[in-house]
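Remarks on the structure that follows.
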Amino acid sequence: MKVSYNWLKEYVKIDCGIDELAEKMTMAGIEVEAIETAKLIPDGVVVGEILERDQHPNADKLSVCKVFNGKEELQIVCGAPNCDAGKKVPLATIGTVFIDPESGKEFKIKKGKLRGEKSFGMLCSADEIGMDGDHSGLMELDTDLKAGTPLGEIFAGDTVFDVEITPNRPDWLSHWGIARDVSCLFSEAAEMPEFTAPVPTANEATENTVTVEDKELCPRYTARIIRNVKVAESPEWLKERLLSIGLRPINNVVDITNFVLHELGQPLHAFDLDLLAENRIVVRHATEKEKITLLDGAELELHDRHLVIADAEKPMCLAGVMGGLDSGVTDSTVNVLLESASFFSSNIRSTSRELGVSSDSSYRFERGIDWDMVQTASDRATAMILELAGGELVTDFIDIQGQKPCPAPVACRFEKIRKLIGVNIENGEIVDIFSRLGLEVKDVTPEQCVIVPPQYRLDVHREADLAEEVARIHGLDQVPVLPVVGKNAASIADDSYLDYEMLQNDLISLGLYQCLHYSMVNEQSALKDSRFTANDLVKIDNPLSLDLACMRPSLLGEMLDTVERNVSRKNTTMRLFEMGSVFCSNSKLFPEERIEICMVLSGKCRPERFSDELQEVFDFYDMKGMVEALLERRDIVNFTFEKASDDRFAPGQCAALIIDGKIAGHLGLLASKFTKGLRTEFPIFAAQIEAENILEGKTGNLYYESVGQYPSTTRDVAFIADNSLEHQKVIDFIASTRVKNLEKVEIFDIFYNKETLGADKKSMAYALTFRNSERTLTDKEVNGAFEKLRGKMAAQLNIELR
């Protein structure tokens, strides 16, 4: 927000320089981000009196003037058409330095010659000295001014502070609000501008003039009717005030509403009364798909959650946000209805965000305004309209009120304030600071007092807020710098979340990228996990929207959305995981809240490599290996994988993870119902695991096994078996035979072919590694053990050896 120094000085006495004021404001919480100077007339520009004007002998469009600067007469060549004798104009004397506002370059006035005639200075237009006005000729000054008077003393420039206002301090969104706090820094009471409350000269009936249909969204609406106004250009002082903060003057009535907005912080709107159907105002909800065209030309389609200011037929304004195109004052306006109102801040905020429309008014209504300022601002604007635009006030003050907010008293313990800010400050000074800030102080005792915040202090709710006020007014630079003292309150091992954090770190160490999703989801996303029905969901009683209507029962739904989002952006290689809370209302399925892990693999295994390695893609065994690696990092020893069937995964490519005899989760290739339509050529594998099963899994010690000093030898066994024979059954059988010196068994081939093997048959091949830790094995020993094993396999596994 821009704050004019000249404007601010009208309300509070400031006895320091610009830089010091900016420093004081910043230290008091009103952060000054930038300081700009406006219309500062350069030193050396004085009032010059033109004594004579003669035609230049060598140029038709130039004149040779004799000008008095208060000390001597100077000859100056001028090309302006109005450099007539007797006029007083700005005179830039020799040595005056001008700065080009666009390039920043300096231009210094020097003695020179123009077409052979000497010139000892320059007569200036308003534009050349940074003033507004007619730039076609010299700026004509009041003839009563004394020649030689520095022009900077007559036209004081301005300094504009660009301040950052925090959202909790809407009372600072006006010059009066800033002045109130600045006055505390200088112990000088701020003075409200003087004006007389307007008195109506007639008493027109107002029974049906204003109707408020929803007093929760519009707790206060006030109006006045002024007839026979004369819409015209604003006086210079008013235009100067608006221009200083970057506003464009429009006409006297509109400029007054903008002036009061930035002076007192209360948004106003002036309606052309004759454009209101039946001369009525109706504050109501918009009808579904009702349309309105705003002042900026944007046409919007509204819904019944939006509040509008309407006449008897149609919406005229989007309440608290922006006026309609045909609602405002124009040059033909004669009768005005002046609105000053208060709206529910949350509704204005949501309307502004949803429709993408914002304004100075919505910026203030979103943060909350002063209930009492509604009438004060209306009084101020009405008085100014009657003074500057004429007219007659023909109605009493129309004031329709709902529930008035009542700030709650806050107990303030003096010792607590001193502890919070770290400063030894007397009780009396604390009370004095509160009083200077406009806070009502009651029930003062040696130990405490009670503070009643005014309507404009919406941010004061608790004792800590009061401590902040004391600290910033007393001076944040007065807060002592003390060493930080830390205490070891408890062991990190006692942190209930530590185990989950370490598990999360283990997942990250596997090369997975962590995802974070909202715990509140829509029902469609929640039911993507086929384990749950609508009755199993934990639903929210009053959701912000249908997209946040229930708590997620698993991580699968939102993870699938993330996969789809990545694929749509052509990122088809993914290594993702999430670990988070999930919720279920059916205690027969799961506890009400638990921690789940969801992992996703898809795409190329080694996208950073080249040649054949670049073509390798993730498969089922990569996901299984990722889960195994996680369990190994956790030192979990009692786990297995079993073939499983689950609607979440494709048939034949799903496994259940068993830890300590309990199902801990499932993994496999995602079912086609989840991946159909995704523009990726890669299969997508996922795993869903209960974190509690991993954290509670039985752990064991890992022992070092020495590297064999004697050579190993291998034998291959291949056989034809039924498709139903599982790899794990073969491994378990070989282990049960306890073949002497057998060190390792690995499968290296599975082959299917109906023509050569027959229907429902497959060929399996294993490599068997033999080694003795004390000597080198002979072929006879190995072959004997190997043939014995082959015989047992053929007899007991119902296979055909090859």
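Here, A, B, ... name the chains of the structure tokens in the order displayed, residue numbers run from 1 inside each chain, and ligands are numbered from 1 in the same displayed order.
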Those of segment 628-793 of chain A in DSSP strand (DSSP E or B), formatted as a ChimeraX atom specification: /A:636,639-643,649-659,662-670,684-690,699,713-722,742-751,761-770
Check which residues of segment 282-398 of chain A sit at most 10 Å from segment 243-251 of chain A using only C-alpha atoms, and return one row each with the closest pair of atoms and their distance in Å to one decimal, ordered by chain and rising number, as a tab-separated table.
```
residue	atom	partner	partner_atom	distance
A:Val329	CA	A:Asn251	CA	8.6
A:Thr330	CA	A:Asn251	CA	8.1
A:Asp331	CA	A:Asn251	CA	7.9
A:Ala389	CA	A:Asn251	CA	9.7
```
Tell me which protein, DNA and RNA residues are within 8 Å of Phe414 of chain A, counting only C-alpha atoms, leaving out same-chain ones fewer than 6 positions away, and put them as a list in words. Asn427, Ile430, Glu447, Gln448 and Cys449 of chain A
Residues within 7 Å of Ala686 of chain A, only C-alpha atoms, excluding chain neighbours under 3 positions, as JSON, numbers by chain: {"A": [599, 600, 601, 667, 668, 669, 670]}
Could you take the residues named above and write them with N, CA and C atoms, as a PDB file, in the first residue's frame?
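Once written, part.pdb looks like this:
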```
ATOM      1  N   MET A 599       4.042 -48.006  -3.020  1.00  0.00           N
ATOM      2  CA  MET A 599       5.201 -47.864  -3.883  1.00  0.00           C
ATOM      3  C   MET A 599       4.779 -48.094  -5.329  1.00  0.00           C
ATOM      4  N   VAL A 600       5.413 -47.365  -6.261  1.00  0.00           N
ATOM      5  CA  VAL A 600       5.124 -47.509  -7.688  1.00  0.00           C
ATOM      6  C   VAL A 600       6.438 -47.550  -8.453  1.00  0.00           C
ATOM      7  N   LEU A 601       6.543 -48.525  -9.394  1.00  0.00           N
ATOM      8  CA  LEU A 601       7.675 -48.599 -10.311  1.00  0.00           C
ATOM      9  C   LEU A 601       7.131 -48.705 -11.727  1.00  0.00           C
ATOM     10  N   LEU A 667       1.690 -56.894  -3.687  1.00  0.00           N
ATOM     11  CA  LEU A 667       2.440 -56.209  -4.727  1.00  0.00           C
ATOM     12  C   LEU A 667       2.199 -56.909  -6.046  1.00  0.00           C
ATOM     13  N   GLY A 668       2.401 -56.179  -7.151  1.00  0.00           N
ATOM     14  CA  GLY A 668       2.249 -56.790  -8.451  1.00  0.00           C
ATOM     15  C   GLY A 668       1.992 -55.777  -9.540  1.00  0.00           C
ATOM     16  N   LEU A 669       1.576 -56.282 -10.699  1.00  0.00           N
ATOM     17  CA  LEU A 669       1.253 -55.451 -11.856  1.00  0.00           C
ATOM     18  C   LEU A 669      -0.148 -54.884 -11.666  1.00  0.00           C
ATOM     19  N   LEU A 670      -0.286 -53.562 -11.776  1.00  0.00           N
ATOM     20  CA  LEU A 670      -1.593 -52.941 -11.582  1.00  0.00           C
ATOM     21  C   LEU A 670      -2.603 -53.469 -12.596  1.00  0.00           C
TER      22      LEU A 670
END
```
Residues near Lys230 of chain A, anyone? I mean within 8 Å using only C-alpha atoms, not counting same-chain ones fewer than 2 positions away, as a ChimeraX atom specification. /A:228,232,333-334,389-391
Those same residues - N, CA and C atoms - I'd like them written as a PDB file, in the first residue's frame.
```pdb
ATOM      1  N   ASN A 228     -29.570  16.327  -6.742  1.00  0.00           N
ATOM      2  CA  ASN A 228     -29.140  17.558  -7.425  1.00  0.00           C
ATOM      3  C   ASN A 228     -27.643  17.829  -7.272  1.00  0.00           C
ATOM      4  N   ALA A 232     -18.497  17.005 -11.587  1.00  0.00           N
ATOM      5  CA  ALA A 232     -17.524  17.845 -12.290  1.00  0.00           C
ATOM      6  C   ALA A 232     -16.126  17.366 -11.942  1.00  0.00           C
ATOM      7  N   THR A 333     -25.003  12.141 -14.068  1.00  0.00           N
ATOM      8  CA  THR A 333     -25.651  11.796 -12.797  1.00  0.00           C
ATOM      9  C   THR A 333     -26.124  13.051 -12.068  1.00  0.00           C
ATOM     10  N   VAL A 334     -27.327  12.968 -11.525  1.00  0.00           N
ATOM     11  CA  VAL A 334     -27.903  14.085 -10.760  1.00  0.00           C
ATOM     12  C   VAL A 334     -28.189  13.656  -9.324  1.00  0.00           C
ATOM     13  N   ALA A 389     -19.678  18.965  -4.516  1.00  0.00           N
ATOM     14  CA  ALA A 389     -20.573  18.692  -5.642  1.00  0.00           C
ATOM     15  C   ALA A 389     -21.956  19.293  -5.438  1.00  0.00           C
ATOM     16  N   GLY A 390     -22.130  19.991  -4.315  1.00  0.00           N
ATOM     17  CA  GLY A 390     -23.427  20.589  -4.058  1.00  0.00           C
ATOM     18  C   GLY A 390     -24.468  19.525  -3.767  1.00  0.00           C
ATOM     19  N   GLY A 391     -25.721  19.846  -4.020  1.00  0.00           N
ATOM     20  CA  GLY A 391     -26.791  18.893  -3.809  1.00  0.00           C
ATOM     21  C   GLY A 391     -27.424  19.017  -2.445  1.00  0.00           C
TER      22      GLY A 391
END
```
With only C-alpha atoms counted and 12 Å as the cut-off, give the residues of segment 543-659 of chain A in contact with segment 503-507 of chain A, each with its shortest interatomic distance in Å and the pair that gives it, as a tab-separated table.
```
residue	atom	partner	partner_atom	distance
A:Arg575	CA	A:Leu507	CA	10.6
A:Leu576	CA	A:Leu507	CA	9.6
A:Phe577	CA	A:Leu507	CA	7.6
A:Glu578	CA	A:Gln504	CA	8.6
A:Met579	CA	A:Gln504	CA	7.0
A:Gly580	CA	A:Gln504	CA	9.7
A:Ile595	CA	A:Gln504	CA	11.3
A:Glu596	CA	A:Gln504	CA	11.1
A:Ile597	CA	A:Gln504	CA	9.1
A:Cys598	CA	A:Leu507	CA	10.5
A:Met599	CA	A:Leu507	CA	9.2
A:Val600	CA	A:Leu507	CA	11.8
A:Met626	CA	A:Leu507	CA	9.2
A:Val627	CA	A:Leu507	CA	9.4
A:Glu628	CA	A:Leu507	CA	11.6
A:Ala629	CA	A:Leu507	CA	9.4
A:Leu630	CA	A:Asp506	CA	6.8
A:Leu631	CA	A:Asp506	CA	9.5
A:Glu632	CA	A:Asp506	CA	10.3
A:Arg633	CA	A:Asp506	CA	7.1
A:Arg634	CA	A:Leu503	CA	8.1
A:Asp635	CA	A:Asp506	CA	11.7
```
So what do you get for atom CA of Leu238 of chain A versus atom CA of Val394 of chain A, distance-wise?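 That distance, rounded to one decimal, is 25.3 Å.
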Could you tell me how far atom CA of Arg715 of chain A sits from atom CA of Lys624 of chain A, in Å to one decimal place?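 A separation of 27.3 Å between them.
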As a PyMOL selection string, please: the residues near segment 147-151 of chain A (cut-off 9 Å, only C-alpha atoms, same-chain neighbours under 5 positions excluded). chain A and resi 41-49+68-71+88+90-91+156
Saved selection, atoms kept: N, CA and C atoms, as an mmCIF file, in the first residue's frame:
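Contents of part.cif, freshly written:
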```cif
data_model
loop_
_atom_site.group_PDB
_atom_site.id
_atom_site.type_symbol
_atom_site.label_atom_id
_atom_site.label_comp_id
_atom_site.auth_asym_id
_atom_site.auth_seq_id
_atom_site.Cartn_x
_atom_site.Cartn_y
_atom_site.Cartn_z
ATOM 1 N N ILE A 41 10.402 19.844 -6.555
ATOM 2 C CA ILE A 41 10.914 20.849 -7.480
ATOM 3 C C ILE A 41 12.395 21.067 -7.193
ATOM 4 N N PRO A 42 13.245 21.022 -8.222
ATOM 5 C CA PRO A 42 14.691 21.150 -7.990
ATOM 6 C C PRO A 42 15.054 22.483 -7.337
ATOM 7 N N ASP A 43 16.117 22.451 -6.523
ATOM 8 C CA ASP A 43 16.666 23.696 -5.972
ATOM 9 C C ASP A 43 17.139 24.573 -7.123
ATOM 10 N N GLY A 44 16.898 25.864 -7.025
ATOM 11 C CA GLY A 44 17.308 26.791 -8.076
ATOM 12 C C GLY A 44 16.155 27.275 -8.920
ATOM 13 N N VAL A 45 14.974 26.632 -8.763
ATOM 14 C CA VAL A 45 13.790 27.110 -9.472
ATOM 15 C C VAL A 45 13.066 28.092 -8.563
ATOM 16 N N VAL A 46 12.910 29.334 -9.047
ATOM 17 C CA VAL A 46 12.315 30.404 -8.236
ATOM 18 C C VAL A 46 11.190 31.066 -9.025
ATOM 19 N N VAL A 47 10.481 31.956 -8.346
ATOM 20 C CA VAL A 47 9.456 32.759 -9.026
ATOM 21 C C VAL A 47 10.156 33.846 -9.824
ATOM 22 N N GLY A 48 9.890 33.882 -11.104
ATOM 23 C CA GLY A 48 10.465 34.909 -11.979
ATOM 24 C C GLY A 48 9.364 35.832 -12.507
ATOM 25 N N GLU A 49 9.651 37.125 -12.535
ATOM 26 C CA GLU A 49 8.674 38.095 -13.052
ATOM 27 C C GLU A 49 9.157 38.599 -14.419
ATOM 28 N N PHE A 68 12.992 39.307 -13.883
ATOM 29 C CA PHE A 68 13.527 39.684 -12.572
ATOM 30 C C PHE A 68 13.463 38.460 -11.656
ATOM 31 N N ASN A 69 14.602 38.075 -11.056
ATOM 32 C CA ASN A 69 14.668 36.895 -10.190
ATOM 33 C C ASN A 69 14.670 37.225 -8.708
ATOM 34 N N GLY A 70 14.329 38.498 -8.371
ATOM 35 C CA GLY A 70 14.307 38.922 -6.973
ATOM 36 C C GLY A 70 15.557 39.654 -6.577
ATOM 37 N N LYS A 71 16.630 39.487 -7.395
ATOM 38 C CA LYS A 71 17.891 40.159 -7.107
ATOM 39 C C LYS A 71 18.356 40.993 -8.284
ATOM 40 N N LYS A 88 4.092 36.084 -13.822
ATOM 41 C CA LYS A 88 5.086 35.456 -12.966
ATOM 42 C C LYS A 88 5.088 33.953 -13.267
ATOM 43 N N PRO A 90 7.716 30.063 -13.369
ATOM 44 C CA PRO A 90 8.892 29.391 -12.797
ATOM 45 C C PRO A 90 10.152 29.743 -13.596
ATOM 46 N N LEU A 91 11.216 30.061 -12.877
ATOM 47 C CA LEU A 91 12.489 30.411 -13.494
ATOM 48 C C LEU A 91 13.565 29.477 -12.950
ATOM 49 N N ALA A 156 5.052 22.267 -2.231
ATOM 50 C CA ALA A 156 5.816 21.249 -1.503
ATOM 51 C C ALA A 156 5.684 19.904 -2.210
#
```
What is the distance between atom CA of Gly428 of chain A and atom CA of Ile473 of chain A, in Å to one decimal?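 Computed distance, atom CA of Gly428 of chain A to atom CA of Ile473 of chain A, equals 14.1 Å.
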Segment 73-80 of chain A: which residues within 12 Å, counting only C-alpha atoms, same-chain residues fewer than 2 positions away excluded, as an MDAnalysis selection string? chainID A and resid 48:71 82:84 89 91:94 109:125 135:140 147:148
